[in-house]
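Below is upload-v1.cif, which holds mmCIF, C-alpha atoms.
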```cif
data_target
#
loop_
_atom_site.label_atom_id
_atom_site.label_comp_id
_atom_site.auth_asym_id
_atom_site.auth_seq_id
_atom_site.Cartn_x
_atom_site.Cartn_y
_atom_site.Cartn_z
CA MET P 1174 50.91 106.86 -8.00
CA PHE P 1175 50.39 103.14 -8.45
CA LYS P 1176 51.68 100.85 -5.74
CA SER P 1177 54.08 98.06 -6.60
CA LYS P 1178 53.17 94.41 -6.22
CA SER P 1179 55.44 94.00 -3.20
CA SER P 1180 53.87 96.93 -1.35
CA ALA P 1181 50.38 95.65 -2.15
CA ALA P 1182 51.30 92.24 -0.79
CA LYS P 1183 52.61 93.81 2.42
CA THR P 1184 49.40 95.82 2.80
CA ALA P 1185 47.31 92.67 2.34
CA ALA P 1186 49.40 90.80 4.89
CA ALA P 1187 48.99 93.60 7.42
CA LYS P 1188 45.23 93.74 6.90
CA PRO P 1189 43.32 92.01 9.74
CA MET P 1190 41.52 88.76 8.92
CA THR P 1191 37.79 89.18 8.27
CA SER P 1192 35.01 86.71 9.00
CA ALA P 1193 35.10 85.39 5.45
CA GLU P 1194 38.82 84.60 5.81
CA GLY P 1195 38.84 82.60 9.02
CA ASP P 1196 36.41 83.85 11.67
CA SER P 1197 33.32 82.21 10.17
CA ASP P 1198 30.81 80.33 12.30
CA THR P 1199 32.33 77.04 11.19
CA ALA P 1200 35.84 78.19 12.10
CA ILE P 1201 34.64 79.27 15.54
CA PHE P 1202 32.91 75.93 16.06
CA LEU P 1203 35.95 73.91 14.96
CA LYS P 1204 38.18 75.92 17.29
CA SER P 1205 35.82 75.23 20.17
CA LEU P 1206 36.32 71.48 19.68
CA LYS P 1207 39.88 71.91 20.95
CA ASP P 1208 38.76 73.67 24.13
CA PRO P 1209 37.96 71.10 26.88
CA ASN P 1210 36.35 73.77 29.07
CA ILE P 1211 33.42 74.29 26.71
CA ILE P 1212 30.41 72.14 27.53
CA GLU P 1213 29.11 70.14 24.57
CA ARG P 1214 25.48 69.10 24.27
CA VAL P 1215 24.37 66.60 21.63
CA ARG P 1216 20.68 67.11 21.01
CA VAL P 1217 20.14 64.26 18.56
CA THR P 1218 22.13 61.60 16.69
CA LEU P 1219 20.63 60.09 13.53
CA LYS P 1220 22.32 57.29 11.64
CA ASN P 1221 22.11 56.35 7.96
CA ALA P 1222 21.41 59.81 6.57
CA HIS P 1223 21.85 60.28 2.81
CA VAL P 1224 23.44 63.36 1.22
CA PHE P 1225 22.63 64.39 -2.35
CA LYS P 1226 24.07 66.92 -4.74
CA LEU P 1227 21.35 69.43 -5.56
CA PRO P 1228 20.38 70.08 -9.17
CA PRO P 1229 19.79 73.70 -10.20
CA ARG P 1230 16.32 74.99 -9.35
CA GLN P 1231 14.12 76.27 -12.13
CA THR P 1232 12.46 78.92 -9.97
CA VAL P 1233 13.42 80.05 -6.47
CA SER P 1234 9.84 80.79 -5.42
CA VAL P 1235 8.70 77.17 -5.87
CA GLY P 1236 11.13 75.63 -3.39
CA TRP P 1237 13.20 72.47 -3.35
CA ARG P 1238 11.82 69.15 -4.60
CA GLY P 1239 13.39 65.93 -3.35
CA ALA P 1240 12.05 64.03 -6.35
CA ASP P 1241 14.63 65.81 -8.52
CA TRP P 1242 17.61 64.55 -6.50
CA ARG P 1243 19.47 61.78 -8.31
CA GLU P 1244 23.19 62.09 -7.45
CA LYS P 1245 23.98 60.64 -4.03
CA VAL P 1246 27.41 61.65 -2.73
CA TRP P 1247 27.62 60.49 0.92
CA GLN P 1248 25.99 58.43 3.67
CA GLY P 1249 26.65 58.69 7.39
CA THR P 1250 25.51 60.10 10.73
CA VAL P 1251 23.85 63.46 11.38
CA LYS P 1252 24.34 65.18 14.74
CA ILE P 1253 22.96 68.42 16.15
CA VAL P 1254 25.56 69.71 18.61
CA GLU P 1255 25.69 72.79 20.84
CA ARG P 1256 29.00 74.17 22.07
CA GLY P 1257 28.72 77.42 23.97
CA ASP P 1258 26.53 79.80 22.00
CA THR P 1259 27.02 77.98 18.68
CA THR P 1260 24.70 75.29 17.35
CA ALA P 1261 25.79 73.25 14.34
CA ILE P 1262 24.63 70.29 12.30
CA LEU P 1263 27.50 67.85 11.82
CA LEU P 1264 27.77 65.22 9.12
CA VAL P 1265 30.01 62.57 10.69
CA ASP P 1266 31.57 59.52 9.07
CA LYS P 1267 29.99 56.45 10.67
CA GLU P 1268 33.22 54.40 10.59
CA LYS P 1269 36.07 56.88 11.21
CA GLY P 1270 34.13 59.45 13.22
CA SER P 1271 35.60 62.33 11.21
CA ILE P 1272 33.53 65.40 10.31
CA PHE P 1273 32.43 65.44 6.68
CA ALA P 1274 30.67 68.82 6.70
CA VAL P 1275 29.44 71.48 9.13
CA CYS P 1276 26.19 73.45 8.89
CA PRO P 1277 26.06 76.31 11.42
CA VAL P 1278 22.44 76.75 12.50
CA LYS P 1279 21.26 80.28 11.71
CA GLU P 1280 18.60 82.01 9.66
CA GLY P 1281 18.23 80.28 6.27
CA ALA P 1282 20.59 77.40 7.10
CA VAL P 1283 17.91 74.66 7.00
CA ASP P 1284 15.06 74.40 4.52
CA ARG P 1285 12.42 71.72 4.02
CA CYS P 1286 11.38 70.21 0.72
CA ILE P 1287 7.88 70.83 -0.55
CA ASP P 1288 7.18 67.24 -1.63
CA SER P 1289 8.44 65.16 1.33
CA SER P 1290 8.78 65.51 5.09
CA ARG P 1291 11.98 63.43 5.13
CA TYR P 1292 14.04 65.67 2.85
CA PHE P 1293 15.93 68.80 3.95
CA VAL P 1294 18.34 71.27 2.38
CA LEU P 1295 21.37 72.33 4.45
CA ARG P 1296 23.71 75.28 3.95
CA ILE P 1297 27.11 73.81 4.78
CA GLU P 1298 30.11 76.04 5.31
CA ASN P 1299 33.88 75.57 5.50
CA ALA P 1300 36.37 77.31 7.79
CA SER P 1301 37.05 80.08 5.27
CA GLY P 1302 33.37 81.03 5.05
CA ARG P 1303 32.54 79.57 1.62
CA HIS P 1304 29.21 77.78 1.54
CA MET P 1305 27.11 75.51 -0.64
CA PHE P 1306 23.72 73.80 -0.41
CA ILE P 1307 23.28 70.04 -0.14
CA GLY P 1308 20.29 67.74 0.23
CA VAL P 1309 19.84 65.45 3.25
CA ALA P 1310 17.30 62.59 3.30
CA PHE P 1311 16.25 60.22 6.10
CA ASN P 1312 14.84 56.73 5.72
CA GLU P 1313 12.25 57.09 8.48
CA ARG P 1314 9.73 59.82 9.27
CA ASN P 1315 10.62 59.45 12.95
CA ASP P 1316 14.22 60.47 12.19
CA ALA P 1317 13.02 63.51 10.26
CA PHE P 1318 10.68 64.44 13.12
CA ASP P 1319 13.48 64.15 15.71
CA PHE P 1320 15.77 66.25 13.50
CA ASN P 1321 13.20 69.03 13.13
CA ALA P 1322 12.16 68.88 16.81
CA ALA P 1323 15.78 69.22 17.98
CA LEU P 1324 16.22 72.35 15.87
CA GLU P 1325 12.99 73.86 17.20
CA ASP P 1326 13.94 73.10 20.83
CA SER P 1327 17.36 74.69 20.38
CA LYS P 1328 15.85 77.81 18.82
CA ARG P 1329 13.20 78.16 21.54
CA GLU P 1330 15.69 77.75 24.39
CA LYS P 1331 18.07 80.34 22.94
CA GLU P 1332 15.20 82.82 22.60
CA MET P 1333 14.21 82.22 26.23
CA GLU P 1334 17.79 82.81 27.39
CA LYS P 1335 17.76 86.25 25.77
CA MET P 1336 14.56 87.27 27.56
CA PRO P 1337 15.20 89.18 30.82
CA LEU P 1338 14.06 87.51 34.02
CA PRO P 1339 11.24 89.30 35.87
CA THR P 1340 12.48 91.00 39.02
CA TYR P 1341 10.46 92.07 42.08
CA THR P 1342 10.72 95.82 42.61
CA GLY P 1343 8.34 96.17 45.57
CA PRO P 1344 9.28 96.56 49.21
CA ALA P 1345 11.01 93.69 50.95
CA LYS P 1346 8.79 91.57 53.18
CA ASP P 1347 9.88 90.07 56.48
CA TYR P 1348 8.24 86.73 57.26
CA SER P 1349 10.31 85.91 60.35
CA ILE P 1350 8.65 85.39 63.76
CA LYS P 1351 9.00 88.43 65.97
CA GLN P 1352 10.01 88.20 69.59
CA GLY P 1353 7.05 87.22 71.78
CA GLU P 1354 4.93 85.88 68.90
CA LYS P 1355 3.55 82.35 69.06
CA ILE P 1356 2.26 79.91 66.46
CA ARG P 1357 -1.01 78.17 67.27
CA VAL P 1358 -2.03 74.89 65.63
CA ALA P 1359 -5.70 73.81 65.83
CA ILE P 1360 -5.98 70.02 66.34
CA PRO P 1361 -9.52 68.63 65.84
CA LYS P 1362 -11.06 66.67 68.71
CA LYS P 1363 -11.88 62.97 68.37
CA THR P 1364 -15.49 61.77 68.16
CA PRO P 1365 -16.87 58.68 70.03
CA SER P 1366 -16.70 56.64 66.80
CA ASP P 1367 -12.92 57.14 66.75
CA TYR P 1368 -12.62 55.18 70.03
CA MET P 1369 -14.51 52.09 68.84
CA ASP P 1370 -11.33 50.33 67.72
CA ALA P 1371 -9.14 51.69 70.51
CA ASP P 1372 -8.32 48.14 71.70
CA ASP P 1373 -6.67 47.21 68.40
CA ASP P 1374 -3.03 46.34 68.47
CA ASP P 1375 -0.53 47.71 65.98
CA PHE P 1376 -1.52 45.14 63.38
CA GLY P 1377 -5.29 45.64 63.57
CA THR P 1378 -6.01 42.15 65.00
CA SER P 1379 -9.18 43.17 66.82
CA SER P 1380 -10.50 45.00 63.80
CA ARG P 1381 -10.04 41.91 61.65
CA LYS P 1382 -11.83 39.73 64.24
CA ASN P 1383 -14.80 42.09 64.31
CA THR P 1384 -14.92 42.06 60.53
CA GLU P 1385 -14.93 38.25 60.45
CA LYS P 1386 -17.76 38.14 63.01
CA ARG P 1387 -19.84 40.56 61.00
CA GLY P 1388 -19.12 38.51 57.83
CA ARG P 1389 -20.34 35.28 59.44
CA GLY P 1390 -23.52 36.98 60.59
CA THR P 1391 -24.64 37.88 57.07
CA LYS P 1392 -26.63 35.77 54.70
CA GLY P 1393 -24.89 33.27 52.50
CA GLY P 1394 -23.99 30.56 55.06
CA SER P 1395 -20.29 29.74 54.90
CA GLY P 1396 -19.64 32.21 52.10
CA GLY P 1397 -18.02 34.65 54.56
CA GLY P 1398 -19.65 37.67 52.91
CA PHE P 1399 -17.75 37.28 49.60
CA LEU P 1400 -19.55 37.74 46.30
CA LYS P 1401 -20.13 34.71 44.15
CA PRO P 1402 -18.17 34.42 40.90
CA PRO P 1403 -19.97 35.34 37.65
CA PRO P 1404 -22.00 32.55 36.01
CA ARG P 1405 -19.56 32.27 33.07
CA ASP P 1406 -16.32 33.81 31.95
CA THR P 1407 -16.15 36.55 29.36
CA ALA P 1408 -15.89 35.26 25.83
CA GLY P 1409 -12.38 35.48 24.34
CA ARG P 1410 -11.49 37.97 21.62
CA ALA P 1411 -11.64 36.69 18.11
CA ASN P 1412 -8.42 38.45 17.10
CA ASP P 1413 -6.23 37.29 20.01
CA SER P 1414 -4.72 34.46 18.01
CA GLY P 1415 -1.08 34.76 16.87
CA GLY P 1416 0.18 33.86 13.46
CA GLY P 1417 1.71 37.18 12.37
CA THR P 1418 -1.28 39.43 13.02
CA ASN P 1419 -1.39 42.56 15.17
CA GLY P 1420 -4.69 41.90 16.94
CA PHE P 1421 -6.71 43.91 14.44
CA GLY P 1422 -6.85 41.36 11.63
CA GLU P 1423 -3.89 42.86 9.80
CA THR P 1424 -0.77 40.94 8.83
CA PHE P 1425 2.70 42.40 9.32
CA SER P 1426 4.43 43.62 6.19
CA SER P 1427 8.16 43.51 5.55
CA SER P 1428 10.38 46.64 5.65
CA PRO P 1429 10.19 48.73 2.45
CA PHE P 1430 13.86 49.67 2.69
CA GLY P 1431 15.36 46.31 1.69
CA SER P 1432 18.54 44.85 3.17
CA GLY P 1433 22.18 44.32 2.35
CA ASP P 1434 23.84 46.78 -0.03
CA SER P 1435 20.66 47.66 -1.88
CA ASN P 1436 19.91 51.36 -2.41
CA PRO P 1437 17.07 52.29 -0.02
CA PHE P 1438 16.09 55.18 -2.27
CA GLN P 1439 15.53 53.04 -5.41
CA SER P 1440 12.88 50.31 -5.81
CA ALA P 1441 12.95 47.44 -8.28
CA SER P 1442 10.71 49.35 -10.68
CA GLY P 1443 13.05 52.36 -10.71
CA LYS P 1444 10.69 54.64 -8.75
CA ASP P 1445 11.44 56.38 -5.48
CA PRO P 1446 9.15 54.94 -2.75
CA PHE P 1447 9.91 57.65 -0.20
CA PHE P 1448 8.07 60.67 -1.47
CA ASP P 1449 4.73 61.50 0.08
#
```
Is it possible to express this structure as structure tokens?
Amino acid sequence: MFKSKSSAAKTAAAKPMTSAEGDSDTAIFLKSLKDPNIIERVRVTLKNAHVFKLPPRQTVSVGWRGADWREKVWQGTVKIVERGDTTAILLVDKEKGSIFAVCPVKEGAVDRCIDSSRYFVLRIENASGRHMFIGVAFNERNDAFDFNAALEDSKREKEMEKMPLPTYTGPAKDYSIKQGEKIRVAIPKKTPSDYMDADDDDFGTSSRKNTEKRGRGTKGGSGGGFLKPPPRDTAGRANDSGGGTNGFGETFSSSPFGSGDSNPFQSASGKDPFFD
């Protein structure tokens, strides 16, 4: 017999919630933000990250290409945060501090582009478990390096935590001193040369006087035993002059990212200057 709509609705309401309906990694992470007893560790904070909507890929085997990204949808701060056993990449609004998107770090969550070291693809996820892929780009290679290094450090430390610690299974050893045992310390005897400066006071006055006498007895007259200065000073470096150079004959160039409200991903000629 077919069930009525009301009975089907009751059955669905009585059914326990699955991971796709509320117990996703993002939901667990967002719930942990309300728990003050969980220790939070921020591995890296990177400002001025750019988020792009990804165009459809022609072939999956080729990989993502940052040169194909044209539609920019967001700009803000990227954080890699650990709370308990969960590691997540947070996209945070730089003015309000609110979370724009969450990317739980797991297998396949982060991918690198094949044409640039500053472009990454993230698998963001909402509380209900639905996910989508977005593109993240950094202005500087140093930011991209710090982002990748923080992910590698987090992965390596979690793998080390899962490894069992080596335990000693041999017999217990007792290093305590037994009753009647003695410890002997061998102190070397002094030689006659060690007593030559025995009349020195605590500040070595006699030693300094003997040194001055020996210095006056050497050749060189009133020189006191000191070496003469070199005949002439070392010639100065040709590239030590200022004037906007770096000491190697190269002039400093201005920042390629522009200033103000200009788009750092678009040059005056219409080409993208960021791709390697």
Exercise for the section: Run the PyMOL selection byres ((chain P and resi 1243) around 9) mentally over the shown coordinates, then write out the matched residues as a list in words, using the chain letters and numbers from the document. Expected result: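 On this input, the PyMOL selection byres ((chain P and resi 1243) around 9) captures Phe1225, Lys1226, Leu1227, Pro1228, Gly1239, Ala1240, Asp1241, Trp1242, Glu1244 and Lys1245 of chain P.
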Take the residues from that selection and write them out as an mmCIF file, in the coordinates of the input, keeping C-alpha atoms.
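again_25.cif was written with the following content:
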```cif
data_model
loop_
_atom_site.group_PDB
_atom_site.id
_atom_site.type_symbol
_atom_site.label_atom_id
_atom_site.label_comp_id
_atom_site.auth_asym_id
_atom_site.auth_seq_id
_atom_site.Cartn_x
_atom_site.Cartn_y
_atom_site.Cartn_z
ATOM 1 C CA PHE P 1225 22.630 64.390 -2.350
ATOM 2 C CA LYS P 1226 24.070 66.920 -4.740
ATOM 3 C CA LEU P 1227 21.350 69.430 -5.560
ATOM 4 C CA PRO P 1228 20.380 70.080 -9.170
ATOM 5 C CA GLY P 1239 13.390 65.930 -3.350
ATOM 6 C CA ALA P 1240 12.050 64.030 -6.350
ATOM 7 C CA ASP P 1241 14.630 65.810 -8.520
ATOM 8 C CA TRP P 1242 17.610 64.550 -6.500
ATOM 9 C CA GLU P 1244 23.190 62.090 -7.450
ATOM 10 C CA LYS P 1245 23.980 60.640 -4.030
#
```
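Comparing P:Asn1210, P:Pro1365, P:Thr1218, P:Cys1276 by their smallest distance to P:Gly1302, the closest is P:Cys1276 (using only C-alpha atoms).
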Practice task
Run the PyMOL selection byres ((chain P and resi 1311-1327) around 8) on the file and write out the hits as a list in words.
Solution key: Arg1216, Val1217, Leu1219, Asn1221, Ala1222, His1223, Ile1253, Thr1260, Ser1290, Arg1291, Tyr1292, Val1309, Ala1310, Lys1328, Arg1329, Glu1330, Lys1331, Phe1430, Pro1437 and Phe1447 of chain P
Exercise for the section: Between P:Val1251, P:Val1246, P:Ala1200, P:Ile1307, single out the one closest to P:Val1215, counting all atoms listed in the file. Expected result: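 When distances to P:Val1215 are compared using all atoms listed in the file, the smallest one comes from P:Val1251.
For the atom pair formed by atom CA of P:Arg1230 and atom CA of P:Ile1272, the distance is 27.8 Å, given to one decimal.
You can rank P:Leu1263, P:Gly1281, P:Cys1286, P:Gly1236 by their closest distance to P:Asn1299 using only C-alpha atoms, and at the top of that list sits P:Leu1263.
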Practice task
Please indicate the distance in Å from atom CA of P:Val1265 to atom CA of P:Lys1252, rounded to one decimal place.
Solution key: 7.4 Å
Exercise for the section: Please indicate the distance in Å from atom CA of P:Phe1273 to atom CA of P:Val1224, rounded to one decimal place. Expected result: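 Distance between the two atoms: 10.7 Å.
Minimum atom-to-atom distances from P:Val1283, P:Ile1350, P:Ala1359, P:Ala1274 to P:Ile1297 were compared using only C-alpha atoms, and the lowest value belongs to P:Ala1274.
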Exercise for the section: Compile the contact shell of P:Glu1298 as an MDAnalysis selection string: residues with an atom at most 9 Å away, counting all atoms listed in the file, same-chain residues fewer than 3 positions apart removed. Expected result: chainID P and resid 1197:1199 1274:1277 1301:1306
Practice task
Go through P:Val1358, P:Ala1345, P:Val1235, P:Ile1212 and flag the residue nearest P:Ile1287, using only C-alpha atoms for the distances.
Solution key: P:Val1235
Can you patch up stretch 1316-1349 of chain P, filling it in to N, CA and C atoms, and show the result as a tab-separated table (two decimals), in the coordinates of the input?
```tsv
chain	number	residue	atom	x	y	z
P	1316	ASP	N	12.93	59.79	12.20
P	1316	ASP	CA	14.22	60.47	12.19
P	1316	ASP	C	14.06	61.92	11.74
P	1317	ALA	N	13.26	62.14	10.73
P	1317	ALA	CA	13.02	63.51	10.26
P	1317	ALA	C	12.31	64.34	11.32
P	1318	PHE	N	11.38	63.72	12.04
P	1318	PHE	CA	10.68	64.44	13.12
P	1318	PHE	C	11.65	64.81	14.24
P	1319	ASP	N	12.50	63.87	14.66
P	1319	ASP	CA	13.48	64.15	15.71
P	1319	ASP	C	14.46	65.24	15.28
P	1320	PHE	N	14.85	65.23	14.02
P	1320	PHE	CA	15.77	66.25	13.50
P	1320	PHE	C	15.12	67.63	13.58
P	1321	ASN	N	13.90	67.74	13.11
P	1321	ASN	CA	13.20	69.03	13.13
P	1321	ASN	C	12.88	69.47	14.56
P	1322	ALA	N	12.49	68.53	15.43
P	1322	ALA	CA	12.16	68.88	16.81
P	1322	ALA	C	13.39	69.37	17.57
P	1323	ALA	N	14.56	68.77	17.31
P	1323	ALA	CA	15.78	69.22	17.98
P	1323	ALA	C	16.14	70.64	17.58
P	1324	LEU	N	15.95	70.98	16.32
P	1324	LEU	CA	16.22	72.35	15.87
P	1324	LEU	C	15.25	73.34	16.51
P	1325	GLU	N	13.98	72.96	16.60
P	1325	GLU	CA	12.99	73.86	17.20
P	1325	GLU	C	13.26	74.05	18.69
P	1326	ASP	N	13.65	72.98	19.39
P	1326	ASP	CA	13.94	73.10	20.83
P	1326	ASP	C	15.15	74.00	21.07
P	1327	SER	N	16.17	73.85	20.23
P	1327	SER	CA	17.36	74.69	20.38
P	1327	SER	C	17.03	76.16	20.13
P	1328	LYS	N	16.23	76.43	19.13
P	1328	LYS	CA	15.85	77.81	18.82
P	1328	LYS	C	15.02	78.42	19.95
P	1329	ARG	N	14.06	77.65	20.48
P	1329	ARG	CA	13.20	78.16	21.54
P	1329	ARG	C	13.99	78.43	22.82
P	1330	GLU	N	14.91	77.55	23.17
P	1330	GLU	CA	15.69	77.75	24.39
P	1330	GLU	C	16.61	78.95	24.29
P	1331	LYS	N	17.19	79.17	23.11
P	1331	LYS	CA	18.07	80.34	22.94
P	1331	LYS	C	17.26	81.64	23.01
P	1332	GLU	N	16.04	81.63	22.50
P	1332	GLU	CA	15.20	82.82	22.60
P	1332	GLU	C	14.80	83.10	24.05
P	1333	MET	N	14.56	82.04	24.83
P	1333	MET	CA	14.21	82.22	26.23
P	1333	MET	C	15.39	82.74	27.05
P	1334	GLU	N	16.61	82.34	26.67
P	1334	GLU	CA	17.79	82.81	27.39
P	1334	GLU	C	18.00	84.31	27.19
P	1335	LYS	N	17.58	84.82	26.03
P	1335	LYS	CA	17.76	86.25	25.77
P	1335	LYS	C	16.71	87.10	26.47
P	1336	MET	N	15.61	86.51	26.88
P	1336	MET	CA	14.56	87.27	27.56
P	1336	MET	C	14.99	87.59	28.99
P	1337	PRO	N	14.80	88.83	29.44
P	1337	PRO	CA	15.20	89.18	30.82
P	1337	PRO	C	14.27	88.53	31.83
P	1338	LEU	N	14.85	88.13	32.95
P	1338	LEU	CA	14.06	87.51	34.02
P	1338	LEU	C	13.28	88.57	34.78
P	1339	PRO	N	12.03	88.31	35.12
P	1339	PRO	CA	11.24	89.30	35.87
P	1339	PRO	C	11.80	89.48	37.28
P	1340	THR	N	11.94	90.70	37.70
P	1340	THR	CA	12.48	91.00	39.02
P	1340	THR	C	11.42	91.71	39.86
P	1341	TYR	N	11.40	91.45	41.16
P	1341	TYR	CA	10.46	92.07	42.08
P	1341	TYR	C	11.01	93.41	42.54
P	1342	THR	N	10.26	94.46	42.27
P	1342	THR	CA	10.72	95.82	42.61
P	1342	THR	C	9.99	96.40	43.81
P	1343	GLY	N	9.09	95.65	44.43
P	1343	GLY	CA	8.34	96.17	45.57
P	1343	GLY	C	9.16	96.15	46.84
P	1344	PRO	N	8.56	96.54	47.93
P	1344	PRO	CA	9.28	96.56	49.21
P	1344	PRO	C	9.54	95.14	49.70
P	1345	ALA	N	10.64	95.00	50.40
P	1345	ALA	CA	11.01	93.69	50.95
P	1345	ALA	C	10.08	93.32	52.10
P	1346	LYS	N	9.69	92.05	52.15
P	1346	LYS	CA	8.79	91.57	53.18
P	1346	LYS	C	9.53	90.67	54.16
P	1347	ASP	N	9.23	90.85	55.43
P	1347	ASP	CA	9.88	90.07	56.48
P	1347	ASP	C	8.87	89.07	57.04
P	1348	TYR	N	9.15	87.78	56.80
P	1348	TYR	CA	8.24	86.73	57.26
P	1348	TYR	C	8.76	86.03	58.52
P	1349	SER	N	9.76	86.55	59.15
P	1349	SER	CA	10.31	85.91	60.35
P	1349	SER	C	9.39	86.17	61.55
```
